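Novice: Before we start, here is the structure in question, set down as C-alpha cells.
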Amino acid sequence: MSEPQKADAGIAKPKSFQEIILRLQAYWADKGCAVMQPYDMEVGAGTFHPATTLRSLGTRHWAAAYVQPSRRPTDGRYGENPNRLQHYYQYQVLIKPSPPDLQALYLGSLAAIGIDMEMHDIRFVEDDWESPTLGAWGLGWEVWCDGMEVSQFTYFQQVGGHDCHPVSGELTYGLERLAMYVLGIDHVMDMPYNDPQSPIALSYGDVFLQNEQEYSRWNFDIANTDVLLKHFEDAEAECAAILSQPVDDPKTGKRIVMAQPAYDQCIKASHLFNLLDARGVISVTERQAYIGRVRTLAKACADAFVQTQAGGWTPETAA
Amino acid sequence: MPDLLIELFSEEIPARMQARAAEDLKKRITDGLVEAGLTYAGAAAFHTPRRLTLALSGLLAESPTLREERKGPRTDAPEKAIEGFLRGAGVTRDQLQEGDDKKGAVFFAVIEKPGRPAAEIVAEVLDTTIRNFPWPKSMRWGTGSLRWVRPLHSILCILTDEAGAEVVPLDIDGIKTTNTTEGHRFMAPGRFAVSSFDAYVSELKRRFVILDATERADHIWQDATNQAFANGLEVVEDRGLLAEVAGLVEWPVVLMGEIGADFLGLPPEVLQTSMKEHQKFFSVRNPKTGRIERFITVANRETRDQGVTILAGNQKVLAARLSDAKFFWENDLRVAKHDGMEAWTAALSNVTFHNKLGSQAERIERIAALAREIAPALGADPDLAEKAARVAKADLSSEMVYEFPELQGLMGRYYAEAAGLPAEVAAACQEHYSPLGPTDDVPTAPVSATVALADKLDTLTGFWAIDEKPTGSKDPFALRRAALGVIRLLLANDVRGGLVHLIGRALRSILAAQHLIAQAKFEQELAAADQTYAKIMQTDIATIEELMIELDNMVLEAQTNTPDVGNSSTQLSTDGDKELKHLPNVATDLLAFFHDRLKVHLKDEGIRHDVIDACLAMPGNDDITLLVKRARALSDALKTDDGVNLVQGFKRANNILTQAEEKDGVAYEFGADIKFAEAEEEKTLFTALQAAEPKIAAALEAEDFAAAMAAMAALRGPIDAFFTAVQVNSDNDVVRRNRLNLLSTIRTTVLKVADLTRIEG
C-alpha cells in the first residue's frame, strides 16, 4: 500500500506578494519582534533603517521587524528584466542579542510563507557581509533554497566602527525574489500583488511597471548631477554641523544628542552617491573617496548614538 | 587504555575552512595532550558543515608521575639562599636531601609531580584549544565573548574504556560538555547519546550524516559519473569544486538537470563558470561534441519526490543566471562585430591601472610600442604584435568579463575572432596573461609571446619606477610572478639578447608617461631621456654594469627634474606623490631582482645557487637564455667526478696564486714558458692547457657550453698530477715564477667558462 499523499507541511501556499509580507509580519510579531514601519527616507537596503544601524549599537536589547523599500538606481532596467528593479522591498529582522535558536526561528519563517522543508533543499552558504559605507561587517551566510539565494543571515560584529556588544542577528529577505519563487512566477511584473481572486486583482506590474520606467530614465539620464553633487555636500556639511552642537540643549536644559537627525543626513549622502554613480559621473578612483566620505559620516553618527540613552548611555556610565 | 571522542557542533562552517580546521583541532589537542604527558596510539579528524570531530585511540588513562632532582646551595650556605631555594622548588626544609658535589656538601630537592587523570588534562587542553582556535575569521554571538567561526552550540567529549563511556566535564562560556549530538538538520532532528566513536559514526549515518568528507566526495563523484555515463555523457572534473560541495552537505544527493536549449550556444567556458561560481554545479559534457549539455547539483537531503522539486528549482535559478550570461554574450558580440575591439580599449582610458602609472589605456599604449620593438627578437611580425597588444586587454571593458573576471583573455579571444581579427591576434588575447604560475604553460606562438613579454616588462619597470617593489611576504601586484614569467618566456622562446635593453626600452616608456614627468617639462625631459636611451643602445658602452648605471641615471634625472607638484594641478597631485622619492639604481635593482627570481627558478630544476653565481659573474649575464645554458652545463659538469676534482684543483691553483701575488705584489699573468718546466707533469700540464685553450674558445664561440665544460674538465688529470708531483714554491726563483704563471694560465682558461671561485665546497 502506498503512503497517503501528505499536504505541504499543512501550511497553504500564499496567493500573492502582499500575503507573503503579511505572513512574515505575523510570524515575527508572534516571535516577539516590534513590527515597525519603513523608514521615511530613500535607502539602498533595509540595513540603513535606524532600527538596524543605530539600534545594533550599544548594550540595550532590541527586536524589530519591518519592510523597507530600497532603491538601487544602477539596477534599473525600465521594468524589462525579470528580476532586476531599481526600487524593491526588503524584509528585515534585527534581534539583539542574537538568540541561540535564530537559525530555527528563521527556518520557521520560511515554513510560514509556505516553503515545505520536506520537499526543498535549504542551505547556509558562507557569505560574509561588509558595508564599506556604514563601516560595518559581520559573518553569516546567504541562505539557499534549491540553489536560489532567498535571504542574508548575518551576525553583526562591527557597525559604524564600533564593536557590537551584544551581537545582533540580522535577517534580510529579498521579498520580490522570494515571493516569485514561492508563487512560481518567472517575471516580477507578472506577480500577483493582491489576491488574484480579488474584485480588482493587481499585478506587481500594475503597481510598479510605470514607476520603474520613469525612475530608470531619470536615474540614468536626467538627474541633474550638479544639483546632486551640491546636495551631497550639503548633507555632509549638515551632518557635521548637527554633531558639532553641544549635547546640552540651552532651550530645554536637557541633554539631547541629535544622533538620528545627523544619521538622516548620512542616509541622504549615501543615496545621493548612488544616484551620482548611476549617472556614471563617478570614476573608479573617486568612488572610493565618496564611499570613504559617507563612512566618515556613518562613524560620526555611531559615535553620537552611543552617547544617547537608546545607545546605552547613562549618567552613571558617563561619570 | 581509553579512547577519546570530541565533537564541536556549530552552525554552518564555511566549506573552504573545514578541512584545515579539522587538522588544526587534531594538532592542537594532540600536542597539548602529549605535552602534558598523555600519549595516544591513533588520531583521526573529521569535518562536516556543522561539526569538527576528533577521535583518539589508546590514550593513557593518566599522565605518568614525574620525578625531578634539583640541585640547591651548599649545606653551609647562608639561610637566605636556602630559603630562596625552598621557595623556588616548592618543598620544605625537611624534604631536602644532602649530597656531595665538586663544591662539597649541597642540598638536593626531589620534586615529584604526581600523574593526573586523563579527563582533567583533556578538559584543560580542550578549553585552551577552543579559546585559541586559529580560524581565518571568527565571530562573537549573543551576549558572549567566546569566539568561534559561527555560533558554537554543543560539545561532545567522552572517554570510553571497557567500563563504558564517561563525559569529560567542561563548561566553556555556558556550553557544557555532554555525550550527545544531533543528526541531519532536516531529516533527523533531535539529540541522541553516543558511547563510542564506532557508535557515533554508525548512529550519525542512521541519522543521514556521512562523517567523512572523503566518503562524501567519493559518493558524489561516483554517483555523478554514473548518472552522466548512463546518458552517454561525462562530468567535467573539478576537484576544488568537489571538495567544496562535499563541505556543503552532510547527506549528499546527486541530481542531474537540463540546461535550456537557448543557452547551449554559449561558449562552454561561460556555461561552466556561471554554473560553478554562482550555483556550485558540475558541468556535464557530451564527449562527442565537447559541448556542455547538462549539470549536476548536489542536494543535502532526500525527498519523497526523489528531488524533482529541488531540481526544478535549481533549473529555474540556472535559467535566470544564464539569461544574464546570454545577454552579456550577445551584447558583447554585437560590440565586437560593429565597433571592433578598439571601442573597448578606448573605454579603458577611464579605468585606472595605478594612480601613479596611469590608466589601462595608457598602459596598453606603452605595451603596444614595446611589443612592436621587441617583436623581431621573438620572430613575430611587428605590425601583428602591436595590433595584438592594442586589443589584448579590450575584453576588460566587456560585460561578460565585468561579470566573470576569471574569463578575461578567453572572452577576448572569442570577441577578437568575432571581430574578424587574425588568428594570431585572437590567440594573443587569451595567451598574453600566461604564464601565471610556475607550472602554467608558456606561450610560444610568436605574437602571443611578444605581447606577454611586453605586458610583464611594463608592469615590472613601472612598479620599480614608482618604488612599489615586493617586500617580504608582501607582493600585492604579483611582481615575483611577473618576473618569473619574463624568465620563462625568454627561455621557452629561446630569446637572445640582453635584458638590459628590454628594461631600458620599457623604462623609457614609463618615464614618458606624464605621471612621472609633469607636463611642463615633459618634452624637454623626454628628449634628454631619449638621448640617453640612444646612447645606451649603442654597443660601444662596454659592460652591463655601465649600461645599468646609465639607465639608473636616466631615471634619476627624469625624476629629479619633475617640477614641484605642490601647487600645480597636474595628475601628480594625488596623495603620496609629493613624497615621490628620487630612486637610485632602478635598473640595477630590477636586474638583480630578475637574477634572484632566476635562482629560485633554477633551484627547482636542481641547479645550485653557487652554480648560478658562478655563471652570473660571467659577461653577458643579462642574457637569460645564455646564462641558463651555461648554468645547466656547469651543473651537469659538477655532477661528474672530473668536474668536482677540477674545482678542487682550480681552487688550489687559485689560492696559491693569490697568496703569491699578494706577497710578491705582482700579477702573474705573463704566460709561462715550457722551457723552464722541469718535471714531466709540469710539461704535460703545459701541453694540456695549450690544447684546451682553442677548444674552449671555439666551444664558447659556438655557445656550446657542454663542450667547453668537457674541455675544461679534461684538465682535471694534468692538474691533479701536477700538484701531486710538483712543488710550486721552488728555490729556483725562475722556476717558481714560471710555475706561478702556469697556474695563472689555468685560472684565465677556466674563468673563461665560469667563475669557479664562487663554487662552494
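Ligands are numbered from 1 in the order shown, residues from 1 within each chain, and chains are lettered A, B, ... in the order they appear in the C-alpha cells.
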Please determine the contact residues of chain A with respect to chain B at a cut-off of 7 Å, counting only C-alpha atoms, and supply them as a compact mmCIF listing (two decimals) with C-alpha atoms, in the first residue's frame.

Specialist:
```txt
# COMPACT_ATOMS: atom_id res chain seq x y z
CA PRO A 97 21.31 39.82 21.42
CA SER A 98 21.09 37.17 18.72
CA PRO A 99 19.07 34.30 20.23
CA GLU A 118 10.43 18.23 3.48
CA MET A 119 10.47 19.00 -0.22
CA HIS A 120 13.12 21.69 -0.56
CA ASP A 121 16.86 21.88 -0.08
CA PHE A 124 23.54 28.02 4.66
CA VAL A 125 26.36 29.07 2.32
CA GLU A 126 29.21 31.24 3.58
CA LEU A 139 29.77 36.94 9.47
CA ASP A 146 17.03 24.83 -4.14
CA GLY A 147 20.06 26.81 -5.28
CA MET A 148 18.40 30.21 -5.05
CA TYR A 155 25.81 38.20 12.95
CA GLN A 157 30.41 42.22 14.57
CA HIS A 165 28.27 44.03 22.30
CA PRO A 166 25.95 42.22 22.43
CA VAL A 167 25.91 40.88 18.88
CA SER A 168 22.79 41.41 16.77
CA VAL A 284 36.76 54.31 -10.20
```

Novice: To test your reading of the structure, identify every residue in region 105-272 of chain A that backbone DSSP assigns to strand (DSSP E or B), and report it as a PyMOL selection string.

Specialist: chain A and resi 122-126+129-131+136-145+148-159+162-163+169-174+192+203+248+255

Novice: Of the candidates B:Asn226, B:Arg321, B:Thr724, B:Ala336, which one gets nearest to Asn83 (chain A) if we count only C-alpha atoms?

Specialist: B:Arg321

Novice: So, with only C-alpha atoms as the atoms that count, which of A:Thr308, A:Gln68, A:Thr52, A:Gln18 lies closest to Asp40 (chain A)?

Specialist: A:Gln68

Novice: Could you list, as a ChimeraX atom specification, every residue within 8 Å of region 168-170 of chain B, counting only C-alpha atoms and ignoring same-chain residues fewer than 3 positions away?

Specialist: /B:119-120,122-123,127,157-159,176-178

Novice: For the residues in the current selection, export N, CA, C and O atoms as a PDB file, in the first residue's frame.

Specialist:
```pdb
ATOM      1  N   ALA B 119      40.961  12.737  32.054  1.00  0.00           N
ATOM      2  CA  ALA B 119      39.818  13.649  31.913  1.00  0.00           C
ATOM      3  C   ALA B 119      40.211  15.084  32.277  1.00  0.00           C
ATOM      4  O   ALA B 119      39.825  16.045  31.602  1.00  0.00           O
ATOM      5  N   GLU B 120      40.993  15.222  33.324  1.00  0.00           N
ATOM      6  CA  GLU B 120      41.391  16.542  33.789  1.00  0.00           C
ATOM      7  C   GLU B 120      42.235  17.252  32.716  1.00  0.00           C
ATOM      8  O   GLU B 120      42.023  18.413  32.393  1.00  0.00           O
ATOM      9  N   VAL B 122      42.434  16.424  29.469  1.00  0.00           N
ATOM     10  CA  VAL B 122      41.655  16.642  28.247  1.00  0.00           C
ATOM     11  C   VAL B 122      40.827  17.926  28.376  1.00  0.00           C
ATOM     12  O   VAL B 122      40.781  18.760  27.453  1.00  0.00           O
ATOM     13  N   ALA B 123      40.187  18.103  29.530  1.00  0.00           N
ATOM     14  CA  ALA B 123      39.343  19.294  29.723  1.00  0.00           C
ATOM     15  C   ALA B 123      40.170  20.570  29.576  1.00  0.00           C
ATOM     16  O   ALA B 123      39.758  21.518  28.913  1.00  0.00           O
ATOM     17  N   ASP B 127      39.729  23.208  26.489  1.00  0.00           N
ATOM     18  CA  ASP B 127      39.379  24.595  26.807  1.00  0.00           C
ATOM     19  C   ASP B 127      40.346  25.562  26.106  1.00  0.00           C
ATOM     20  O   ASP B 127      39.929  26.501  25.425  1.00  0.00           O
ATOM     21  N   CYS B 157      32.147  15.325  24.438  1.00  0.00           N
ATOM     22  CA  CYS B 157      33.511  14.941  24.801  1.00  0.00           C
ATOM     23  C   CYS B 157      33.430  13.756  25.760  1.00  0.00           C
ATOM     24  O   CYS B 157      33.037  13.912  26.916  1.00  0.00           O
ATOM     25  N   ILE B 158      33.774  12.581  25.252  1.00  0.00           N
ATOM     26  CA  ILE B 158      33.699  11.383  26.106  1.00  0.00           C
ATOM     27  C   ILE B 158      34.996  10.583  26.052  1.00  0.00           C
ATOM     28  O   ILE B 158      35.684  10.534  25.033  1.00  0.00           O
ATOM     29  N   LEU B 159      35.307   9.965  27.191  1.00  0.00           N
ATOM     30  CA  LEU B 159      36.385   8.989  27.270  1.00  0.00           C
ATOM     31  C   LEU B 159      35.723   7.621  27.411  1.00  0.00           C
ATOM     32  O   LEU B 159      34.862   7.429  28.264  1.00  0.00           O
ATOM     33  N   LYS B 176      28.106  23.345  28.135  1.00  0.00           N
ATOM     34  CA  LYS B 176      28.616  22.234  28.939  1.00  0.00           C
ATOM     35  C   LYS B 176      28.804  21.005  28.059  1.00  0.00           C
ATOM     36  O   LYS B 176      27.966  20.704  27.216  1.00  0.00           O
ATOM     37  N   THR B 177      29.895  20.302  28.281  1.00  0.00           N
ATOM     38  CA  THR B 177      30.138  19.082  27.512  1.00  0.00           C
ATOM     39  C   THR B 177      29.087  18.036  27.866  1.00  0.00           C
ATOM     40  O   THR B 177      28.617  17.974  29.001  1.00  0.00           O
ATOM     41  N   THR B 178      28.732  17.228  26.855  1.00  0.00           N
ATOM     42  CA  THR B 178      27.779  16.135  27.055  1.00  0.00           C
ATOM     43  C   THR B 178      28.250  14.935  26.247  1.00  0.00           C
ATOM     44  O   THR B 178      29.311  14.978  25.619  1.00  0.00           O
TER      45      THR B 178
END
```

Novice: Check the DSSP output for the backbone and give back, as a ChimeraX atom specification, the residues of region 98-152 of chain A in alpha helix (DSSP H).

Specialist: /A:102-112

Novice: Applying 9 Å and only C-alpha atoms, which residues near region 266-272 of chain A remain after dropping the ones on its own chain fewer than 4 positions away? List them as a PyMOL selection string.

Specialist: chain A and resi 41-44+48-49+71-73+133+228-229+231-236+239+262+276-277+290-291+293-295+297-298+301

Novice: For region 736-753 of chain B, list every protein, DNA or RNA residue within 6 Å, evaluated using only C-alpha atoms, and leave out those in the same chain fewer than 2 positions away; present the list as a VMD selection string.

Specialist: chain B and resid 653 668 to 669 671 to 672 728 to 730 733 to 734 755

Novice: Restricting it to C-alpha atoms, dump the selection as a short mmCIF file (atom, residue, chain, number, x, y, z; two decimals), in the first residue's frame.

Specialist:
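Dumped to out-v9.cif:
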```
data_model
loop_
_atom_site.label_atom_id
_atom_site.label_comp_id
_atom_site.auth_asym_id
_atom_site.auth_seq_id
_atom_site.Cartn_x
_atom_site.Cartn_y
_atom_site.Cartn_z
CA ALA B 653 95.84 26.81 -8.04
CA TYR B 668 101.47 36.63 -12.65
CA GLU B 669 99.80 36.97 -15.96
CA GLY B 671 102.20 33.37 -19.55
CA ALA B 672 104.56 30.55 -18.68
CA VAL B 728 105.27 25.31 -6.84
CA ASN B 729 107.44 27.23 -4.43
CA SER B 730 110.77 26.10 -5.81
CA ASP B 733 113.07 31.81 -8.47
CA VAL B 734 112.78 31.49 -12.26
CA ASP B 755 83.76 31.77 -12.25
#
```

Novice: For a quick check of understanding, using only C-alpha atoms, which of B:Pro694, B:Gly649, B:Gly42, B:Gly497 has the smallest distance to Asn621 (chain B)?

Specialist: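 Among the listed residues, B:Gly497 lies closest to Asn621 (chain B).
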
Novice: Rounded to one decimal place, report the CA of Ile21 (chain A)-CA of His61 (chain A) distance in Å.

Specialist: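 Atom-to-atom, CA of Ile21 (chain A) and CA of His61 (chain A) are spaced 24.9 Å apart.
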
Novice: As a PyMOL selection string, please: the residues near region 161-163 of chain A (cut-off 8 Å, only C-alpha atoms, same-chain neighbours under 3 positions excluded).

Specialist: chain A and resi 57+135-136+157-158+299+302-303

Novice: If I take CA of His184 (chain B) and CA of Ile115 (chain A), how far is one from the other in Å, to one decimal?

Specialist: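 Here the two named atoms are 18.5 Å from each other.
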
Novice: Excluding same-chain residues fewer than 6 positions from region 419-423 of chain B, what lies within 9 Å of it counting only C-alpha atoms, as a PDB file with all heavy atoms, in the first residue's frame?

Specialist:
```pdb
ATOM      1  N   LEU B 333      29.148  40.497 -28.357  1.00  0.00           N
ATOM      2  CA  LEU B 333      29.408  40.109 -29.750  1.00  0.00           C
ATOM      3  C   LEU B 333      29.014  41.237 -30.696  1.00  0.00           C
ATOM      4  O   LEU B 333      29.699  41.523 -31.675  1.00  0.00           O
ATOM      5  CB  LEU B 333      28.623  38.847 -30.108  1.00  0.00           C
ATOM      6  CG  LEU B 333      29.223  37.519 -29.653  1.00  0.00           C
ATOM      7  CD1 LEU B 333      28.337  36.378 -30.116  1.00  0.00           C
ATOM      8  CD2 LEU B 333      30.643  37.344 -30.183  1.00  0.00           C
ATOM      9  N   VAL B 335      29.015  44.442 -30.046  1.00  0.00           N
ATOM     10  CA  VAL B 335      30.039  45.494 -29.969  1.00  0.00           C
ATOM     11  C   VAL B 335      31.272  45.081 -30.764  1.00  0.00           C
ATOM     12  O   VAL B 335      31.797  45.841 -31.571  1.00  0.00           O
ATOM     13  CB  VAL B 335      30.431  45.767 -28.497  1.00  0.00           C
ATOM     14  CG1 VAL B 335      31.607  46.736 -28.431  1.00  0.00           C
ATOM     15  CG2 VAL B 335      29.238  46.324 -27.732  1.00  0.00           C
ATOM     16  N   ALA B 336      31.723  43.822 -30.542  1.00  0.00           N
ATOM     17  CA  ALA B 336      32.943  43.358 -31.206  1.00  0.00           C
ATOM     18  C   ALA B 336      32.791  43.416 -32.725  1.00  0.00           C
ATOM     19  O   ALA B 336      33.706  43.824 -33.440  1.00  0.00           O
ATOM     20  CB  ALA B 336      33.284  41.938 -30.754  1.00  0.00           C
ATOM     21  N   LYS B 337      31.610  43.021 -33.233  1.00  0.00           N
ATOM     22  CA  LYS B 337      31.410  42.971 -34.675  1.00  0.00           C
ATOM     23  C   LYS B 337      31.249  44.360 -35.286  1.00  0.00           C
ATOM     24  O   LYS B 337      31.766  44.640 -36.355  1.00  0.00           O
ATOM     25  CB  LYS B 337      30.190  42.113 -35.006  1.00  0.00           C
ATOM     26  CG  LYS B 337      30.501  40.625 -34.935  1.00  0.00           C
ATOM     27  CD  LYS B 337      29.253  39.801 -35.191  1.00  0.00           C
ATOM     28  CE  LYS B 337      29.512  38.323 -34.973  1.00  0.00           C
ATOM     29  NZ  LYS B 337      28.282  37.581 -34.722  1.00  0.00           N
ATOM     30  N   HIS B 338      30.505  45.218 -34.589  1.00  0.00           N
ATOM     31  CA  HIS B 338      30.192  46.517 -35.185  1.00  0.00           C
ATOM     32  C   HIS B 338      31.214  47.599 -34.883  1.00  0.00           C
ATOM     33  O   HIS B 338      31.597  48.355 -35.753  1.00  0.00           O
ATOM     34  CB  HIS B 338      28.788  46.962 -34.751  1.00  0.00           C
ATOM     35  CG  HIS B 338      27.733  46.083 -35.341  1.00  0.00           C
ATOM     36  ND1 HIS B 338      26.588  45.737 -34.666  1.00  0.00           N
ATOM     37  CD2 HIS B 338      27.666  45.460 -36.536  1.00  0.00           C
ATOM     38  CE1 HIS B 338      25.859  44.931 -35.426  1.00  0.00           C
ATOM     39  NE2 HIS B 338      26.494  44.749 -36.569  1.00  0.00           N
ATOM     40  N   ASP B 339      31.635  47.664 -33.623  1.00  0.00           N
ATOM     41  CA  ASP B 339      32.544  48.756 -33.251  1.00  0.00           C
ATOM     42  C   ASP B 339      33.992  48.295 -33.195  1.00  0.00           C
ATOM     43  O   ASP B 339      34.910  49.114 -33.175  1.00  0.00           O
ATOM     44  CB  ASP B 339      32.149  49.329 -31.889  1.00  0.00           C
ATOM     45  CG  ASP B 339      30.671  49.686 -31.847  1.00  0.00           C
ATOM     46  OD1 ASP B 339      30.126  50.021 -32.924  1.00  0.00           O
ATOM     47  OD2 ASP B 339      30.066  49.618 -30.770  1.00  0.00           O
ATOM     48  N   GLY B 340      34.196  46.965 -33.123  1.00  0.00           N
ATOM     49  CA  GLY B 340      35.559  46.450 -33.049  1.00  0.00           C
ATOM     50  C   GLY B 340      36.098  46.518 -31.634  1.00  0.00           C
ATOM     51  O   GLY B 340      35.543  47.201 -30.774  1.00  0.00           O
ATOM     52  N   MET B 341      37.196  45.821 -31.422  1.00  0.00           N
ATOM     53  CA  MET B 341      37.791  45.737 -30.089  1.00  0.00           C
ATOM     54  C   MET B 341      38.305  47.097 -29.615  1.00  0.00           C
ATOM     55  O   MET B 341      38.387  47.354 -28.422  1.00  0.00           O
ATOM     56  CB  MET B 341      38.959  44.744 -30.105  1.00  0.00           C
ATOM     57  CG  MET B 341      38.624  43.363 -30.589  1.00  0.00           C
ATOM     58  SD  MET B 341      37.721  42.391 -29.366  1.00  0.00           S
ATOM     59  CE  MET B 341      39.079  41.760 -28.366  1.00  0.00           C
ATOM     60  N   LEU B 384      51.636  42.864 -36.432  1.00  0.00           N
ATOM     61  CA  LEU B 384      50.679  41.983 -35.750  1.00  0.00           C
ATOM     62  C   LEU B 384      50.834  42.077 -34.232  1.00  0.00           C
ATOM     63  O   LEU B 384      49.849  42.099 -33.495  1.00  0.00           O
ATOM     64  CB  LEU B 384      50.885  40.528 -36.181  1.00  0.00           C
ATOM     65  CG  LEU B 384      50.159  40.061 -37.441  1.00  0.00           C
ATOM     66  CD1 LEU B 384      50.387  38.572 -37.641  1.00  0.00           C
ATOM     67  CD2 LEU B 384      48.657  40.360 -37.340  1.00  0.00           C
ATOM     68  N   ARG B 413      39.578  36.404 -26.769  1.00  0.00           N
ATOM     69  CA  ARG B 413      39.831  35.560 -27.927  1.00  0.00           C
ATOM     70  C   ARG B 413      38.551  35.371 -28.759  1.00  0.00           C
ATOM     71  O   ARG B 413      38.549  35.567 -29.973  1.00  0.00           O
ATOM     72  CB  ARG B 413      40.352  34.203 -27.458  1.00  0.00           C
ATOM     73  CG  ARG B 413      40.620  33.279 -28.600  1.00  0.00           C
ATOM     74  CD  ARG B 413      41.148  31.945 -28.108  1.00  0.00           C
ATOM     75  NE  ARG B 413      41.917  31.324 -29.166  1.00  0.00           N
ATOM     76  CZ  ARG B 413      43.002  30.600 -28.985  1.00  0.00           C
ATOM     77  NH1 ARG B 413      43.461  30.409 -27.776  1.00  0.00           N
ATOM     78  NH2 ARG B 413      43.625  30.072 -30.008  1.00  0.00           N
TER      79      ARG B 413
END
```

Novice: Could you check which of A:Gly160, A:Tyr39, A:Pro132, A:Ala278 is closest to Ala223 (chain A), using only C-alpha atoms?

Specialist: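 Using only C-alpha atoms, the shortest distance to Ala223 (chain A) belongs to A:Ala278.
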
Novice: Calculated over only C-alpha atoms, which of the candidates A:Phe305, A:Phe273, A:Tyr106, A:Tyr89 has the smallest distance to Val227 (chain A)?

Specialist: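 Among A:Phe305, A:Phe273, A:Tyr106, A:Tyr89, it is A:Phe273 that comes nearest to Val227 (chain A).
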